[in-house]
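*Asks:* Can you keep this structure in mind? I'll have questions shortly.
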2 protein chains.
Amino acid sequence: MTDATTGAILDATRSSVLDFGIRRTTLTDVARRAGVSRMTVYRRYPDVDAILRDLMTREFGAAMADIAANVGGRDGRSRVVHRIVASVEVLRASALMSKILEAEPELLLPYVLDRMGETQRVAVTMVSADVADGQADGSIRAGDPRVLAQALLLVTQSFVLSGGIADDVPEAALREELAHAVDAMLAP
Amino acid sequence: MTDATTGAILDATRSSVLDFGIRRTTLTDVARRAGVSRMTVYRRYPDVDAILRDLMTREFGAAMADIAANVGGRDGRSRVVHRIVASVEVLRASALMSKILEAEPELLLPYVLDRMGETQRVAVTMVSADVADGQADGSIRAGDPRVLAQALLLVTQSFVLSGGIADDVPEAALREELAHAVDAMLAP
């Protein structure tokens, strides 16, 4: 689905957003940076928000795949713990995510309140597979892997979005609680 | 802080929101229903969103207090589990919360992304006390009660906000996972 032109548009949007922020990124600027006409951009996307949604899917999907390629651990349960803690770290450190949370958090609302986005679906599918592996190797308790993975998604995304709301609890302490929580949720 | 006039304004806002929805609730309508002048409302609140914020604090605070008065359970840990599951049920069933999630979810964003609201602070304080009790009676593992309570808040609010995003996982199944998760997070 991502042809070279779309890839160039996403790259251009990413660099414009990181340079100037979301509110000052325009389709004209994106077209110029991508070396295509504005009409070419408009044929693919109605507005900058639509490009941003695709960019999030690409960027966060790549981060998930990257973590997946490096997930270690002696059994299924420790792989799930590792994957989730690494995902929270990567997303909280992401420059793109920071810009979105700062300038255009409404963009994330539908995926918090209404329906799963592409990145969330990918994450649940990956974690379901890990959970099934962990059930096979005896490290994870019985239960529908998709239900367990969905519950883990809800826990995880709250730590991504709300990890910084408490001024009296350091994020490092919360991160440790997350690792403990995931491990304890899955233990047989 | 909530004098009779402010109470009447909050009552009027609540009934207008439930009758007509948030977007069609005006300060004029609120003043009429409360039996006060528009100027009286304006002296207390700049706009409907500001009233809604106070209304949420009152309504959700009362719900938390109500749950607190009815929390049973044989030890600190089961009281925390009960309190959290009951809170999610009450908030997901709340007509006011439903209207906000439907019409004006941006109102909740600051409390998800940036800073704790009054209801969240009250919840963390209540749960911290339960956690300390559970540590004293041996049902909850060691650890800073405020850190544990903060982690539980993040888990809980995700189930309140995002309990309905997965179309293939029923909320009742997620609710069971939440109860298990809270219990497992706290077990010694």
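Chain labels A, B, ... are given in the sequence in which chains occur in the structure tokens; within each chain residues are numbered consecutively from 1, and ligands are likewise numbered from 1 in the order shown.
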For B:Arg74, find every residue with an atom within 12 Å (counting only C-alpha atoms), except residues of its own chain fewer than 5 positions away, and show them as a list in words.

*Replies:* Arg79, Val80, Val81, His82, Asp133, Gly134, Asp137, Gly138 and Ser139 of chain B

*Asks:* Would you export the selected residues with all heavy atoms as a PDB file, in the first residue's frame, please?

*Replies:*
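That gives us result-v7.pdb:
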ATOM      1  N   ARG B  79     -10.398  -5.533  49.301  1.00  0.00           N
ATOM      2  CA  ARG B  79     -11.082  -4.233  49.273  1.00  0.00           C
ATOM      3  C   ARG B  79     -10.628  -3.388  48.079  1.00  0.00           C
ATOM      4  O   ARG B  79     -11.438  -2.744  47.426  1.00  0.00           O
ATOM      5  CB  ARG B  79     -10.858  -3.472  50.594  1.00  0.00           C
ATOM      6  CG  ARG B  79     -11.832  -3.911  51.691  1.00  0.00           C
ATOM      7  CD  ARG B  79     -11.883  -2.912  52.857  1.00  0.00           C
ATOM      8  NE  ARG B  79     -10.590  -2.784  53.531  1.00  0.00           N
ATOM      9  CZ  ARG B  79     -10.140  -3.633  54.466  1.00  0.00           C
ATOM     10  NH1 ARG B  79     -10.868  -4.675  54.831  1.00  0.00           N
ATOM     11  NH2 ARG B  79      -8.971  -3.435  55.034  1.00  0.00           N
ATOM     12  N   VAL B  80      -9.328  -3.418  47.782  1.00  0.00           N
ATOM     13  CA  VAL B  80      -8.842  -2.665  46.615  1.00  0.00           C
ATOM     14  C   VAL B  80      -9.470  -3.214  45.329  1.00  0.00           C
ATOM     15  O   VAL B  80      -9.944  -2.452  44.480  1.00  0.00           O
ATOM     16  CB  VAL B  80      -7.300  -2.704  46.504  1.00  0.00           C
ATOM     17  CG1 VAL B  80      -6.839  -2.029  45.218  1.00  0.00           C
ATOM     18  CG2 VAL B  80      -6.650  -2.025  47.708  1.00  0.00           C
ATOM     19  N   VAL B  81      -9.481  -4.531  45.209  1.00  0.00           N
ATOM     20  CA  VAL B  81     -10.060  -5.140  44.000  1.00  0.00           C
ATOM     21  C   VAL B  81     -11.516  -4.720  43.860  1.00  0.00           C
ATOM     22  O   VAL B  81     -11.961  -4.281  42.790  1.00  0.00           O
ATOM     23  CB  VAL B  81      -9.946  -6.682  44.041  1.00  0.00           C
ATOM     24  CG1 VAL B  81     -10.698  -7.309  42.872  1.00  0.00           C
ATOM     25  CG2 VAL B  81      -8.481  -7.115  44.036  1.00  0.00           C
ATOM     26  N   HIS B  82     -12.246  -4.800  44.970  1.00  0.00           N
ATOM     27  CA  HIS B  82     -13.662  -4.457  44.938  1.00  0.00           C
ATOM     28  C   HIS B  82     -13.870  -2.989  44.562  1.00  0.00           C
ATOM     29  O   HIS B  82     -14.695  -2.640  43.717  1.00  0.00           O
ATOM     30  CB  HIS B  82     -14.291  -4.757  46.301  1.00  0.00           C
ATOM     31  CG  HIS B  82     -15.754  -4.484  46.358  1.00  0.00           C
ATOM     32  ND1 HIS B  82     -16.323  -3.595  47.235  1.00  0.00           N
ATOM     33  CD2 HIS B  82     -16.781  -4.940  45.605  1.00  0.00           C
ATOM     34  CE1 HIS B  82     -17.629  -3.532  47.035  1.00  0.00           C
ATOM     35  NE2 HIS B  82     -17.933  -4.342  46.053  1.00  0.00           N
ATOM     36  N   ASP B 133      -3.368  -0.485  54.471  1.00  0.00           N
ATOM     37  CA  ASP B 133      -4.094  -1.446  55.319  1.00  0.00           C
ATOM     38  C   ASP B 133      -3.758  -2.879  54.917  1.00  0.00           C
ATOM     39  O   ASP B 133      -3.536  -3.735  55.771  1.00  0.00           O
ATOM     40  CB  ASP B 133      -5.617  -1.270  55.161  1.00  0.00           C
ATOM     41  CG  ASP B 133      -6.129  -0.012  55.844  1.00  0.00           C
ATOM     42  OD1 ASP B 133      -5.343   0.635  56.568  1.00  0.00           O
ATOM     43  OD2 ASP B 133      -7.311   0.327  55.634  1.00  0.00           O
ATOM     44  N   GLY B 134      -3.745  -3.112  53.601  1.00  0.00           N
ATOM     45  CA  GLY B 134      -3.463  -4.461  53.107  1.00  0.00           C
ATOM     46  C   GLY B 134      -2.036  -4.902  53.405  1.00  0.00           C
ATOM     47  O   GLY B 134      -1.771  -6.087  53.618  1.00  0.00           O
ATOM     48  N   ASP B 137      -2.135  -5.932  57.042  1.00  0.00           N
ATOM     49  CA  ASP B 137      -2.769  -7.230  57.323  1.00  0.00           C
ATOM     50  C   ASP B 137      -2.130  -8.377  56.528  1.00  0.00           C
ATOM     51  O   ASP B 137      -2.600  -9.513  56.588  1.00  0.00           O
ATOM     52  CB  ASP B 137      -4.301  -7.161  57.122  1.00  0.00           C
ATOM     53  CG  ASP B 137      -4.725  -7.062  55.654  1.00  0.00           C
ATOM     54  OD1 ASP B 137      -3.982  -7.509  54.760  1.00  0.00           O
ATOM     55  OD2 ASP B 137      -5.831  -6.541  55.388  1.00  0.00           O
ATOM     56  N   GLY B 138      -1.069  -8.070  55.788  1.00  0.00           N
ATOM     57  CA  GLY B 138      -0.310  -9.116  55.100  1.00  0.00           C
ATOM     58  C   GLY B 138      -0.891  -9.560  53.765  1.00  0.00           C
ATOM     59  O   GLY B 138      -0.369 -10.471  53.120  1.00  0.00           O
ATOM     60  N   SER B 139      -1.964  -8.905  53.298  1.00  0.00           N
ATOM     61  CA  SER B 139      -2.575  -9.346  52.043  1.00  0.00           C
ATOM     62  C   SER B 139      -1.964  -8.661  50.823  1.00  0.00           C
ATOM     63  O   SER B 139      -2.214  -9.075  49.690  1.00  0.00           O
ATOM     64  CB  SER B 139      -4.089  -9.097  52.068  1.00  0.00           C
ATOM     65  OG  SER B 139      -4.372  -7.713  52.212  1.00  0.00           O
TER      66      SER B 139
END

*Asks:* Under the rule of at most 10 Å, produce a per-residue listing of chain B near chain A: chain, number, name, the closest pair of atoms, and the distance in Å, as a tab-separated table, using only C-alpha atoms.

*Replies:*
residue	atom	partner	partner_atom	distance
B:Leu101	CA	A:Leu113	CA	7.4
B:Glu102	CA	A:Leu113	CA	9.1
B:Pro105	CA	A:Leu109	CA	7.7
B:Glu106	CA	A:Glu106	CA	6.7
B:Leu108	CA	A:Leu109	CA	9.9
B:Leu109	CA	A:Pro105	CA	7.7
B:Pro110	CA	A:Ile165	CA	8.9
B:Tyr111	CA	A:Ile165	CA	7.3
B:Val112	CA	A:Ser162	CA	5.4
B:Leu113	CA	A:Ser162	CA	5.1
B:Asp114	CA	A:Ile165	CA	5.0
B:Arg115	CA	A:Ile165	CA	4.3
B:Met116	CA	A:Ile165	CA	5.7
B:Gly117	CA	A:Ile165	CA	9.3
B:Gln120	CA	A:Ala166	CA	9.7
B:Arg121	CA	A:Ala166	CA	9.2
B:Gly143	CA	A:Glu177	CA	9.8
B:Asp144	CA	A:Ala173	CA	9.6
B:Arg146	CA	A:Val169	CA	7.5
B:Val147	CA	A:Val169	CA	6.1
B:Leu148	CA	A:Glu177	CA	7.2
B:Gln150	CA	A:Val169	CA	7.5
B:Ala151	CA	A:Leu174	CA	6.1
B:Leu152	CA	A:Glu177	CA	9.2
B:Leu153	CA	A:Ser158	CA	9.3
B:Leu154	CA	A:Ser158	CA	5.6
B:Val155	CA	A:Val155	CA	5.1
B:Thr156	CA	A:Val155	CA	8.2
B:Gln157	CA	A:Ser158	CA	7.6
B:Ser158	CA	A:Ser158	CA	5.6
B:Phe159	CA	A:Leu154	CA	6.5
B:Val160	CA	A:Leu113	CA	9.3
B:Leu161	CA	A:Leu113	CA	5.7
B:Ser162	CA	A:Leu113	CA	5.1
B:Gly163	CA	A:Leu154	CA	7.9
B:Gly164	CA	A:Asp114	CA	6.7
B:Ile165	CA	A:Arg115	CA	4.3
B:Ala166	CA	A:Met116	CA	6.2
B:Asp167	CA	A:Arg115	CA	7.7
B:Asp168	CA	A:Arg146	CA	8.6
B:Val169	CA	A:Val147	CA	6.1
B:Pro170	CA	A:Val147	CA	8.5
B:Glu171	CA	A:Val147	CA	9.7
B:Ala173	CA	A:Val147	CA	7.0
B:Leu174	CA	A:Ala151	CA	6.1
B:Arg175	CA	A:Ala151	CA	8.9
B:Glu176	CA	A:Ala151	CA	9.6
B:Glu177	CA	A:Ala151	CA	6.5
B:Leu178	CA	A:Ala151	CA	7.3
B:Ala179	CA	A:Met185	CA	9.9
B:His180	CA	A:Met185	CA	6.9
B:Ala181	CA	A:Met185	CA	5.0
B:Val182	CA	A:Ala181	CA	8.2
B:Asp183	CA	A:Met185	CA	8.6
B:Ala184	CA	A:Ala184	CA	5.2
B:Met185	CA	A:Ala181	CA	5.0
B:Leu186	CA	A:Ala181	CA	8.5
B:Ala187	CA	A:Ala184	CA	8.5

*Asks:* When you draw a straight line from atom CA of B:Met97 to atom CA of B:Val71, how long is it in Å?

*Replies:* 22.1 Å

*Asks:* Could you pull out the alpha helix (DSSP H) residues of chain B from DSSP and send them as JSON, numbers by chain?

*Replies:* {"B": [4, 5, 6, 7, 8, 9, 10, 11, 12, 13, 14, 15, 16, 17, 18, 19, 20, 27, 28, 29, 30, 31, 32, 33, 34, 38, 39, 40, 41, 42, 43, 44, 48, 49, 50, 51, 52, 53, 54, 55, 56, 57, 58, 59, 60, 61, 62, 63, 64, 65, 66, 67, 68, 69, 70, 76, 77, 78, 79, 80, 81, 82, 83, 84, 85, 86, 87, 88, 89, 90, 91, 92, 93, 95, 96, 97, 98, 99, 100, 101, 102, 103, 109, 110, 111, 112, 113, 118, 119, 120, 121, 122, 123, 124, 125, 126, 127, 128, 129, 130, 131, 132, 133, 134, 135, 136, 145, 146, 147, 148, 149, 150, 151, 152, 153, 154, 155, 156, 157, 158, 159, 160, 161, 162, 171, 172, 173, 174, 175, 176, 177, 178, 179, 180, 181, 182, 183, 184, 185, 186]}

*Asks:* Could you check how far atom CA of B:Leu10 sits from atom CA of B:Arg58, in Å to one decimal?

*Replies:*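 Atom CA of B:Leu10 sits 8.7 Å away from atom CA of B:Arg58.
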